[in-house]
>>> print(open('query-v4.txt').read())   # compact mmCIF, C-alpha atoms and all ligand atoms
# COMPACT_ATOMS: atom_id res chain seq x y z
CA MET Q 1 -17.85 7.52 -1.26
CA GLN Q 2 -19.77 5.32 1.07
CA PHE Q 3 -17.92 2.37 2.56
CA SER Q 4 -20.25 1.42 5.38
CA GLY Q 5 -20.49 -2.37 5.59
CA LYS Q 6 -17.11 -2.73 3.85
CA VAL Q 7 -14.14 -4.42 5.50
CA ALA Q 8 -10.62 -3.21 4.70
CA LEU Q 9 -7.10 -4.33 5.52
CA VAL Q 10 -4.18 -1.92 5.32
CA THR Q 11 -0.73 -3.43 5.83
CA GLY Q 12 1.94 -1.21 7.34
CA ALA Q 13 -0.63 1.12 8.87
CA SER Q 14 1.36 2.14 11.95
CA ARG Q 15 2.43 5.46 10.43
CA GLY Q 16 2.90 7.46 7.24
CA ILE Q 17 0.93 6.57 4.13
CA GLY Q 18 -0.61 3.42 5.63
CA ARG Q 19 -2.03 5.36 8.55
CA ALA Q 20 -3.50 8.00 6.24
CA ILE Q 21 -5.12 5.28 4.10
CA ALA Q 22 -6.60 3.60 7.17
CA VAL Q 23 -8.04 6.91 8.38
CA GLU Q 24 -9.44 7.77 4.94
CA LEU Q 25 -11.19 4.41 4.49
CA ALA Q 26 -12.63 4.63 8.02
CA ARG Q 27 -13.81 8.21 7.38
CA HIS Q 28 -16.01 6.74 4.66
CA GLY Q 29 -17.39 4.14 7.06
CA ALA Q 30 -15.25 1.02 6.50
CA LEU Q 31 -14.23 -1.37 9.24
CA VAL Q 32 -10.44 -1.14 8.99
CA PHE Q 33 -7.88 -3.73 10.07
CA CYS Q 34 -4.45 -2.16 10.50
CA THR Q 35 -1.16 -4.05 10.67
CA SER Q 36 2.31 -3.44 11.99
CA THR Q 37 5.19 -5.78 12.78
CA LYS Q 38 5.07 -4.61 16.38
CA ALA Q 39 2.52 -5.20 19.12
CA GLY Q 40 1.00 -1.81 19.89
CA GLY Q 41 2.48 -0.40 16.66
CA CYS Q 42 -0.91 0.78 15.39
CA ALA Q 43 -2.08 2.40 18.65
CA ASP Q 44 -1.66 5.94 17.30
CA THR Q 45 -3.46 4.97 14.08
CA LEU Q 46 -6.43 3.64 16.02
CA ALA Q 47 -6.49 6.92 17.95
CA ALA Q 48 -6.33 8.90 14.69
CA ILE Q 49 -9.27 6.91 13.31
CA ALA Q 50 -11.26 7.42 16.50
CA ALA Q 51 -10.69 11.18 16.18
CA ALA Q 52 -11.37 11.46 12.43
CA ALA Q 53 -14.09 8.85 12.07
CA PRO Q 54 -15.88 8.48 15.40
CA SER Q 55 -18.90 6.79 13.83
CA ALA Q 56 -16.91 4.19 11.85
CA PRO Q 57 -16.86 0.61 13.15
CA ALA Q 58 -14.12 0.20 15.77
CA PRO Q 59 -10.84 -0.35 13.88
CA GLN Q 60 -8.68 -3.34 14.74
CA ALA Q 61 -4.91 -3.61 15.07
CA LEU Q 62 -3.14 -6.84 14.16
CA VAL Q 63 0.52 -7.83 14.17
CA ALA Q 64 2.07 -9.46 11.12
CA ASP Q 65 5.33 -9.41 9.22
CA VAL Q 66 4.18 -9.58 5.61
CA ALA Q 67 7.39 -11.35 4.66
CA ALA Q 68 6.52 -14.32 6.89
CA GLU Q 69 4.09 -16.72 5.24
CA ALA Q 70 2.75 -18.30 8.45
CA ALA Q 71 2.15 -14.86 9.98
CA VAL Q 72 0.26 -13.74 6.88
CA GLU Q 73 -1.92 -16.84 6.93
CA ALA Q 74 -2.69 -16.24 10.61
CA LEU Q 75 -3.50 -12.60 9.79
CA ALA Q 76 -5.95 -13.64 7.07
CA ALA Q 77 -7.65 -16.11 9.38
CA GLN Q 78 -8.10 -13.39 12.03
CA VAL Q 79 -9.42 -10.79 9.59
CA LEU Q 80 -11.86 -13.17 7.94
CA GLN Q 81 -13.06 -14.46 11.28
CA GLN Q 82 -13.47 -11.03 12.91
CA GLY Q 83 -14.59 -9.12 9.81
CA GLY Q 84 -16.49 -11.95 8.15
CA ARG Q 85 -15.10 -10.92 4.74
CA LEU Q 86 -12.51 -8.68 3.11
CA ASP Q 87 -13.60 -6.11 0.54
CA PHE Q 88 -10.54 -3.85 0.28
CA LEU Q 89 -6.97 -5.08 0.51
CA VAL Q 90 -4.29 -2.40 0.55
CA ASN Q 91 -0.74 -3.73 0.37
CA ASN Q 92 1.13 -0.72 1.69
CA ALA Q 93 3.89 -2.22 3.87
CA GLY Q 94 7.25 -1.35 2.38
CA ILE Q 95 10.88 -0.74 3.24
CA THR Q 96 13.98 0.72 1.64
CA LYS Q 97 17.60 -0.41 2.00
CA ASP Q 98 19.31 1.95 -0.40
CA GLY Q 99 22.83 1.69 -1.71
CA LEU Q 100 24.76 2.03 -4.92
CA PHE Q 101 24.67 -1.17 -6.93
CA LEU Q 102 28.34 -2.05 -6.60
CA ARG Q 103 27.97 -1.92 -2.83
CA MET Q 104 24.57 -3.65 -2.65
CA ASP Q 105 24.81 -7.22 -1.41
CA ALA Q 106 22.34 -10.01 -2.07
CA ALA Q 107 20.89 -9.86 1.46
CA GLN Q 108 20.08 -6.16 0.97
CA PHE Q 109 18.35 -7.02 -2.30
CA ASP Q 110 16.49 -10.04 -0.91
CA SER Q 111 15.11 -8.31 2.19
CA VAL Q 112 13.55 -5.46 0.20
CA LEU Q 113 12.04 -7.90 -2.31
CA ALA Q 114 10.82 -10.11 0.55
CA THR Q 115 8.78 -7.32 2.14
CA ASN Q 116 7.75 -5.17 -0.81
CA LEU Q 117 7.02 -7.79 -3.46
CA ARG Q 118 6.87 -11.26 -1.93
CA GLY Q 119 4.96 -9.77 1.02
CA ALA Q 120 2.29 -8.38 -1.28
CA PHE Q 121 2.14 -11.73 -3.09
CA LEU Q 122 1.64 -13.59 0.20
CA VAL Q 123 -1.09 -11.24 1.42
CA CYS Q 124 -2.94 -11.35 -1.93
CA LYS Q 125 -2.70 -15.12 -1.88
CA ALA Q 126 -4.05 -15.35 1.66
CA PHE Q 127 -7.21 -13.41 0.74
CA ALA Q 128 -7.74 -14.20 -2.95
CA ARG Q 129 -9.86 -17.28 -2.40
CA ALA Q 130 -12.25 -15.50 -0.01
CA MET Q 131 -12.54 -12.52 -2.36
CA ALA Q 132 -13.13 -14.80 -5.35
CA LYS Q 133 -15.82 -16.65 -3.44
CA ALA Q 134 -17.50 -13.34 -2.55
CA ARG Q 135 -17.23 -12.27 -6.20
CA PHE Q 136 -16.06 -8.84 -5.12
CA GLY Q 137 -12.80 -7.24 -4.15
CA ARG Q 138 -10.57 -4.22 -4.49
CA ILE Q 139 -6.84 -4.77 -4.22
CA VAL Q 140 -4.65 -1.68 -4.21
CA ASN Q 141 -0.90 -2.18 -4.11
CA VAL Q 142 1.24 0.78 -3.10
CA GLY Q 143 4.09 0.97 -5.56
CA SER Q 144 6.35 3.90 -6.34
CA VAL Q 145 7.22 6.07 -9.32
CA VAL Q 146 10.66 4.51 -8.94
CA GLY Q 147 9.12 1.24 -10.17
CA LEU Q 148 8.47 3.03 -13.46
CA THR Q 149 11.58 5.18 -13.77
CA GLY Q 150 14.27 3.31 -11.81
CA ASN Q 151 16.49 5.25 -9.42
CA ALA Q 152 20.22 5.30 -8.81
CA GLY Q 153 20.88 3.79 -5.39
CA GLN Q 154 17.58 1.94 -5.28
CA ALA Q 155 18.04 -1.09 -7.56
CA ASN Q 156 16.41 -3.36 -4.97
CA TYR Q 157 13.52 -1.02 -4.20
CA ALA Q 158 12.87 -0.14 -7.87
CA ALA Q 159 12.88 -3.83 -8.80
CA SER Q 160 10.40 -4.60 -6.02
CA LYS Q 161 8.04 -1.82 -7.09
CA ALA Q 162 8.31 -2.69 -10.80
CA GLY Q 163 7.57 -6.29 -9.83
CA LEU Q 164 4.48 -5.12 -7.98
CA ILE Q 165 3.12 -3.70 -11.23
CA GLY Q 166 3.59 -7.03 -13.03
CA LEU Q 167 2.05 -8.90 -10.11
CA SER Q 168 -0.93 -6.54 -10.06
CA LYS Q 169 -1.59 -6.75 -13.80
CA SER Q 170 -1.44 -10.55 -13.67
CA LEU Q 171 -3.87 -10.74 -10.75
CA ALA Q 172 -6.10 -8.17 -12.46
CA GLN Q 173 -6.39 -10.56 -15.41
CA GLU Q 174 -6.87 -13.70 -13.31
CA PHE Q 175 -9.55 -12.21 -11.06
CA ALA Q 176 -11.46 -9.82 -13.33
CA GLY Q 177 -14.08 -12.51 -13.88
CA ARG Q 178 -14.80 -12.39 -10.14
CA SER Q 179 -15.26 -8.59 -10.10
CA ILE Q 180 -12.00 -8.11 -8.26
CA THR Q 181 -9.99 -5.12 -9.43
CA VAL Q 182 -6.26 -4.90 -8.83
CA ASN Q 183 -4.46 -1.60 -9.24
CA VAL Q 184 -1.27 0.14 -8.16
CA VAL Q 185 -0.95 3.62 -6.70
CA ALA Q 186 2.55 4.90 -7.39
CA PRO Q 187 3.50 7.79 -5.09
CA GLY Q 188 6.23 10.27 -5.87
CA PHE Q 189 7.96 12.06 -2.99
CA ILE Q 190 5.71 11.92 0.07
CA GLU Q 191 6.56 13.46 3.44
CA THR Q 192 6.83 10.47 5.80
CA ASP Q 193 9.47 8.79 8.00
CA MET Q 194 10.71 7.02 4.87
CA THR Q 195 11.79 10.29 3.26
CA ALA Q 196 12.55 12.26 6.44
CA GLY Q 197 16.22 11.29 6.36
CA LEU Q 198 16.98 12.86 2.98
CA GLY Q 199 19.37 15.80 3.09
CA ALA Q 200 18.35 19.40 2.41
CA GLU Q 201 20.21 19.48 -0.89
CA VAL Q 202 18.47 16.36 -2.23
CA ARG Q 203 15.09 17.72 -1.12
CA GLU Q 204 15.71 21.04 -2.84
CA THR Q 205 16.69 19.31 -6.10
CA MET Q 206 13.63 17.09 -5.96
CA LEU Q 207 11.31 20.00 -5.25
CA LYS Q 208 12.56 21.79 -8.36
CA ASN Q 209 11.39 18.77 -10.37
CA ILE Q 210 7.85 18.73 -9.01
CA PRO Q 211 5.62 20.88 -11.25
CA LEU Q 212 2.96 21.26 -8.55
CA GLY Q 213 5.64 22.82 -6.35
CA ARG Q 214 5.28 20.79 -3.16
CA PHE Q 215 6.07 17.39 -1.73
CA GLY Q 216 3.11 15.07 -1.41
CA ALA Q 217 1.24 14.42 1.83
CA ALA Q 218 0.22 10.93 2.92
CA GLU Q 219 -3.39 12.07 2.48
CA ASP Q 220 -2.79 12.65 -1.25
CA ILE Q 221 -2.07 8.94 -1.58
CA ALA Q 222 -4.91 7.94 0.73
CA ARG Q 223 -7.47 9.74 -1.43
CA ALA Q 224 -6.23 7.94 -4.57
CA VAL Q 225 -6.45 4.57 -2.80
CA SER Q 226 -9.91 5.39 -1.55
CA PHE Q 227 -11.01 6.30 -5.08
CA LEU Q 228 -9.73 2.97 -6.45
CA CYS Q 229 -11.70 1.17 -3.73
CA SER Q 230 -14.89 3.05 -4.55
CA ASP Q 231 -17.71 2.21 -6.95
CA ALA Q 232 -16.53 5.15 -9.07
CA ALA Q 233 -13.49 3.02 -10.00
CA SER Q 234 -15.36 -0.22 -10.70
CA TYR Q 235 -14.25 -0.24 -14.38
CA ILE Q 236 -10.57 0.41 -13.62
CA THR Q 237 -8.24 -2.55 -13.24
CA GLY Q 238 -4.62 -3.42 -13.96
CA GLN Q 239 -3.64 0.25 -13.85
CA THR Q 240 -0.90 2.23 -12.20
CA LEU Q 241 -2.11 5.57 -10.89
CA VAL Q 242 0.83 7.91 -10.44
CA VAL Q 243 0.38 10.46 -7.64
CA ASP Q 244 3.51 12.59 -7.73
CA GLY Q 245 2.64 16.23 -8.36
CA GLY Q 246 3.68 15.77 -11.98
CA MET Q 247 7.28 14.81 -11.11
CA THR Q 248 7.59 11.94 -13.58
CA MET Q 249 5.17 12.98 -16.34
P1 LIG S 301 7.03 4.32 6.52
O1 LIG S 301 6.63 5.60 7.15
O2 LIG S 301 8.44 3.85 6.65
O3 LIG S 301 6.03 3.15 7.00
C1 LIG S 301 6.22 1.84 6.55
C2 LIG S 301 5.14 0.96 7.10
O4 LIG S 301 5.39 -0.39 6.65
C3 LIG S 301 5.12 0.91 8.61
O5 LIG S 301 3.80 0.87 9.06
C4 LIG S 301 5.82 -0.41 8.92
O6 LIG S 301 5.31 -1.00 10.10
C5 LIG S 301 5.40 -1.25 7.75
N1 LIG S 301 6.28 -2.40 7.51
C6 LIG S 301 7.60 -2.37 7.21
N2 LIG S 301 8.06 -3.63 7.04
C7 LIG S 301 7.00 -4.45 7.24
C8 LIG S 301 6.83 -5.86 7.21
N3 LIG S 301 7.84 -6.71 6.93
N4 LIG S 301 5.59 -6.37 7.46
C9 LIG S 301 4.56 -5.54 7.73
N5 LIG S 301 4.66 -4.21 7.79
C10 LIG S 301 5.87 -3.67 7.54
O7 LIG S 301 6.75 4.37 4.94
P2 LIG S 301 5.77 5.26 4.04
O8 LIG S 301 6.55 6.38 3.50
O9 LIG S 301 4.49 5.50 4.75
O10 LIG S 301 5.54 4.23 2.83
C11 LIG S 301 4.41 3.40 2.70
C12 LIG S 301 4.44 2.75 1.34
O11 LIG S 301 4.51 3.77 0.34
C13 LIG S 301 5.63 1.84 1.11
O12 LIG S 301 5.25 0.73 0.35
C14 LIG S 301 6.58 2.73 0.32
O13 LIG S 301 7.47 1.97 -0.46
C15 LIG S 301 5.60 3.52 -0.52
N6 LIG S 301 6.13 4.78 -1.02
C16 LIG S 301 6.50 5.79 -0.20
C17 LIG S 301 6.99 6.97 -0.74
C18 LIG S 301 7.38 8.15 0.09
O14 LIG S 301 7.85 9.15 -0.48
N7 LIG S 301 7.22 8.13 1.40
C19 LIG S 301 7.14 7.09 -2.14
C20 LIG S 301 6.77 6.04 -2.94
C21 LIG S 301 6.26 4.89 -2.39
P3 LIG S 301 6.11 -1.20 11.51
O15 LIG S 301 7.46 -0.55 11.37
O16 LIG S 301 5.24 -0.57 12.52
O17 LIG S 301 6.19 -2.66 11.65
>>> encode(input="query-v4.txt", output="structure tokens", more="lines below")
Ligand code: NAP
Amino acid sequence: MQFSGKVALVTGASRGIGRAIAVELARHGALVFCTSTKAGGCADTLAAIAAAAPSAPAPQALVADVAAEAAVEALAAQVLQQGGRLDFLVNNAGITKDGLFLRMDAAQFDSVLATNLRGAFLVCKAFARAMAKARFGRIVNVGSVVGLTGNAGQANYAASKAGLIGLSKSLAQEFAGRSITVNVVAPGFIETDMTAGLGAEVRETMLKNIPLGRFGAAEDIARAVSFLCSDAASYITGQTLVVDGGMTM
């Protein structure tokens, strides 16, 4: 893979899967814009890129809450001004607010949908016109296997990730004529802050259900995203690539 001259945006790149994606795209030569909701949130990611990809164009850190429309519009203006274009858009920012359905209130539902689904919609919208004009683009939305299977205690999160698949397939159809592909990478259980809080018993049960016998690493997801951004994936659109060690096959 050769991404020199390409410009990428990874939302939620301050840690975990987003950071690994940012590093992977930079390792192949892309100029990477990283976002967090906090000023300085991506400092460690920029350092990781500098260490792993010293010859890549200097990565940039930007602050934006993907759930806030004005902030997303400002983000797009900055990226397009500084980068001149956007080739790869990776909607990775995501949150969980788990709870059994009978105890889940509407605010808990809305906030997860606002970040995970509406956030991806807003970011796609902010860049779609520029990508369409350039007649090239790769959009990769980070979903979850839970969007395909559902999960007790995650009605809000599962709905947001299932919605992301519908959003992606619709955009894939609308923008195929402009050579923009839109795909979803659906991770299984990946070792990040998001899953660090799970108890030993839950982890043990999950591990038993993973045929490849290990939890995923953020880099496993990053390589799948990188593939979908590459020329090797130019004929793949509207798909959901499950990366879960076989857990949900
Ligand atoms: P993580 O370690 O909790 O990181 C989440 C990232 O999202 C952080 O960079 C965070 O940035 C950012 N973020 C959260 N809310 C945001 C908002 N409103 N606007 C912009 N950025 C926001 O999570 P992760 O495990 O790396 O997960 C990354 C993605 O993979 C998510 O979409 C998640 O649903 C998905 N996923 C993860 C797993 C897993 O097992 N870990 C499995 C399936 C899917 P700041 O806090 O710095 O603002």
>>> residues_around(input="query-v4.txt", residues="range 1-17 of chain Q", least_positions_apart="6", cutoff="7 Å", atoms="only C-alpha atoms", output="list in words")
His28, Gly29, Ala30, Leu31, Val32, Phe33, Cys34, Thr35, Ser36, Gly41, Cys42, Thr45, Gly83, Arg85, Leu86, Asp87, Phe88, Leu89, Val90, Asn91, Asn92, Ala93, Thr192, Asp193, Ala218, Ile221, Ala222 and Ser230 of chain Q
>>> residues_around(input="query-v4.txt", residues="range 170-178 of chain Q", least_positions_apart="4", cutoff="6 Å", atoms="all atoms listed in the file", output="list in words")
Ala132, Arg135, Val182 and Gly238 of chain Q
>>> atom_distance(input="query-v4.txt", atom1="CA of Ser144 in chain Q", atom2="CA of Pro187 in chain Q")
5.0 Å
>>> closest_atom_pairs(input="query-v4.txt", of="range 30-148 of chain Q", to="range 195-211 of chain Q", cutoff="12 Å", atoms="only C-alpha atoms", output="JSON lines")
{"residue": "Q:Ile95", "atom": "CA", "partner": "Q:Thr195", "partner_atom": "CA", "distance": 11.1}
{"residue": "Q:Thr96", "atom": "CA", "partner": "Q:Thr195", "partner_atom": "CA", "distance": 10.0}
{"residue": "Q:Asp98", "atom": "CA", "partner": "Q:Leu198", "partner_atom": "CA", "distance": 11.7}
>>> write_last_selection(input="query-v4.txt", atoms="C-alpha atoms", output="PDB file, in the coordinates of the input")
ATOM      1  CA  ILE Q  95      10.880  -0.740   3.240  1.00  0.00           C
ATOM      2  CA  THR Q  96      13.980   0.720   1.640  1.00  0.00           C
ATOM      3  CA  ASP Q  98      19.310   1.950  -0.400  1.00  0.00           C
TER       4      ASP Q  98
END
>>> closest_residue(input="query-v4.txt", among="Q:Asp65, Q:Asp105, Q:Asp231, Q:Glu219", to="ligand LIG 301 (chain S)", atoms="all atoms listed in the file")
Q:Asp65
>>> axis_aligned_box(input="query-v4.txt", around="ligand LIG 301 (chain S)", padding_each_side="4 Å", output="lines of an AutoDock Vina configuration file")
center_x = 6.1
center_y = 1.2
center_z = 4.8
size_x = 12.6
size_y = 23.9
size_z = 23.5
>>> residues_around(input="query-v4.txt", residues="Phe189 in chain Q", least_positions_apart="6", cutoff="7 Å", atoms="all atoms listed in the file", output="count of residues only")
3
>>> residues_around(input="query-v4.txt", residues="Ala186 in chain Q", least_positions_apart="3", cutoff="7 Å", atoms="only C-alpha atoms", output="list of chain:residue names")
Q:Val142, Q:Gly143, Q:Ser144, Q:Val145, Q:Thr240, Q:Leu241, Q:Val242, Q:Val243
>>> closest_residue(input="query-v4.txt", among="Q:Ala217, Q:Val184, Q:Met131, Q:Leu164", to="Gly84 in chain Q", atoms="only C-alpha atoms")
Q:Met131
>>> atom_distance(input="query-v4.txt", atom1="atom N1 of ligand LIG 301 (chain S)", atom2="CA of Arg118 in chain Q")
13.0 Å
>>> closest_residue(input="query-v4.txt", among="Q:Ala43, Q:Ala68, Q:Ile236, Q:Val185", to="Ala126 in chain Q", atoms="all atoms listed in the file")
Q:Ala68
>>> closest_residue(input="query-v4.txt", among="Q:Lys38, Q:Phe101, Q:Lys125, Q:Asn151", to="ligand LIG 301 (chain S)", atoms="all atoms listed in the file")
Q:Lys38
>>> atom_distance(input="query-v4.txt", atom1="CA of Leu46 in chain Q", atom2="CA of Ile180 in chain Q")
27.5 Å
>>> closest_residue(input="query-v4.txt", among="Q:Val66, Q:Leu113, Q:Ala39, Q:Leu80", to="ligand LIG 301 (chain S)", atoms="all atoms listed in the file")
Q:Val66
>>> closest_residue(input="query-v4.txt", among="Q:Ile49, Q:Leu122, Q:Ile190, Q:Ala162", to="ligand LIG 301 (chain S)", atoms="all atoms listed in the file")
Q:Ile190
>>> residues_near_point(input="query-v4.txt", point="(12.9, 4.8, -11.2)", cutoff="10 Å", atoms="all atoms listed in the file", output="list in words")
Ser144, Val145, Val146, Gly147, Leu148, Thr149, Gly150, Asn151, Ala152, Gly153, Gln154, Ala155, Tyr157, Ala158, Ala159, Lys161, Ala162 and Thr248 of chain Q
>>> build_atoms(input="query-v4.txt", residues="range 22-38 of chain Q", atoms="N, CA, C and O atoms", output="mmCIF file, in the coordinates of the input")
data_model
loop_
_atom_site.group_PDB
_atom_site.id
_atom_site.type_symbol
_atom_site.label_atom_id
_atom_site.label_comp_id
_atom_site.auth_asym_id
_atom_site.auth_seq_id
_atom_site.Cartn_x
_atom_site.Cartn_y
_atom_site.Cartn_z
ATOM 1 N N ALA Q 22 -5.682 4.190 6.190
ATOM 2 C CA ALA Q 22 -6.600 3.600 7.170
ATOM 3 C C ALA Q 22 -7.622 4.635 7.647
ATOM 4 O O ALA Q 22 -8.828 4.361 7.727
ATOM 5 N N VAL Q 23 -7.145 5.834 7.920
ATOM 6 C CA VAL Q 23 -8.040 6.910 8.380
ATOM 7 C C VAL Q 23 -9.050 7.259 7.284
ATOM 8 O O VAL Q 23 -10.251 7.412 7.540
ATOM 9 N N GLU Q 24 -8.568 7.366 6.058
ATOM 10 C CA GLU Q 24 -9.440 7.770 4.940
ATOM 11 C C GLU Q 24 -10.551 6.725 4.703
ATOM 12 O O GLU Q 24 -11.724 7.081 4.516
ATOM 13 N N LEU Q 25 -10.176 5.443 4.717
ATOM 14 C CA LEU Q 25 -11.190 4.410 4.490
ATOM 15 C C LEU Q 25 -12.205 4.401 5.633
ATOM 16 O O LEU Q 25 -13.414 4.232 5.405
ATOM 17 N N ALA Q 26 -11.723 4.592 6.855
ATOM 18 C CA ALA Q 26 -12.630 4.630 8.020
ATOM 19 C C ALA Q 26 -13.542 5.858 7.963
ATOM 20 O O ALA Q 26 -14.719 5.795 8.311
ATOM 21 N N ARG Q 27 -12.995 6.971 7.490
ATOM 22 C CA ARG Q 27 -13.810 8.210 7.380
ATOM 23 C C ARG Q 27 -15.026 7.984 6.492
ATOM 24 O O ARG Q 27 -16.064 8.620 6.656
ATOM 25 N N HIS Q 28 -14.881 7.058 5.543
ATOM 26 C CA HIS Q 28 -16.010 6.740 4.660
ATOM 27 C C HIS Q 28 -16.832 5.569 5.185
ATOM 28 O O HIS Q 28 -17.694 5.057 4.480
ATOM 29 N N GLY Q 29 -16.525 5.117 6.386
ATOM 30 C CA GLY Q 29 -17.390 4.140 7.060
ATOM 31 C C GLY Q 29 -16.920 2.709 7.076
ATOM 32 O O GLY Q 29 -17.625 1.834 7.585
ATOM 33 N N ALA Q 30 -15.724 2.413 6.528
ATOM 34 C CA ALA Q 30 -15.250 1.020 6.500
ATOM 35 C C ALA Q 30 -14.775 0.567 7.876
ATOM 36 O O ALA Q 30 -14.287 1.367 8.680
ATOM 37 N N LEU Q 31 -14.902 -0.732 8.097
ATOM 38 C CA LEU Q 31 -14.230 -1.370 9.240
ATOM 39 C C LEU Q 31 -12.811 -1.634 8.775
ATOM 40 O O LEU Q 31 -12.606 -2.355 7.786
ATOM 41 N N VAL Q 32 -11.818 -1.055 9.461
ATOM 42 C CA VAL Q 32 -10.440 -1.140 8.990
ATOM 43 C C VAL Q 32 -9.582 -1.982 9.931
ATOM 44 O O VAL Q 32 -9.540 -1.717 11.143
ATOM 45 N N PHE Q 33 -8.899 -2.976 9.361
ATOM 46 C CA PHE Q 33 -7.880 -3.730 10.070
ATOM 47 C C PHE Q 33 -6.530 -3.140 9.693
ATOM 48 O O PHE Q 33 -6.229 -2.975 8.496
ATOM 49 N N CYS Q 34 -5.737 -2.811 10.722
ATOM 50 C CA CYS Q 34 -4.450 -2.160 10.500
ATOM 51 C C CYS Q 34 -3.343 -3.117 10.955
ATOM 52 O O CYS Q 34 -3.488 -3.765 11.990
ATOM 53 N N THR Q 35 -2.243 -3.178 10.202
ATOM 54 C CA THR Q 35 -1.160 -4.050 10.670
ATOM 55 C C THR Q 35 0.147 -3.278 10.848
ATOM 56 O O THR Q 35 0.394 -2.254 10.220
ATOM 57 N N SER Q 36 0.952 -3.884 11.727
ATOM 58 C CA SER Q 36 2.310 -3.440 11.990
ATOM 59 C C SER Q 36 3.100 -4.693 12.327
ATOM 60 O O SER Q 36 2.497 -5.738 12.594
ATOM 61 N N THR Q 37 4.424 -4.616 12.332
ATOM 62 C CA THR Q 37 5.190 -5.780 12.780
ATOM 63 C C THR Q 37 5.319 -5.807 14.293
ATOM 64 O O THR Q 37 5.835 -6.762 14.851
ATOM 65 N N LYS Q 38 4.867 -4.713 14.925
ATOM 66 C CA LYS Q 38 5.070 -4.610 16.380
ATOM 67 C C LYS Q 38 3.746 -4.579 17.129
ATOM 68 O O LYS Q 38 2.822 -3.873 16.692
#
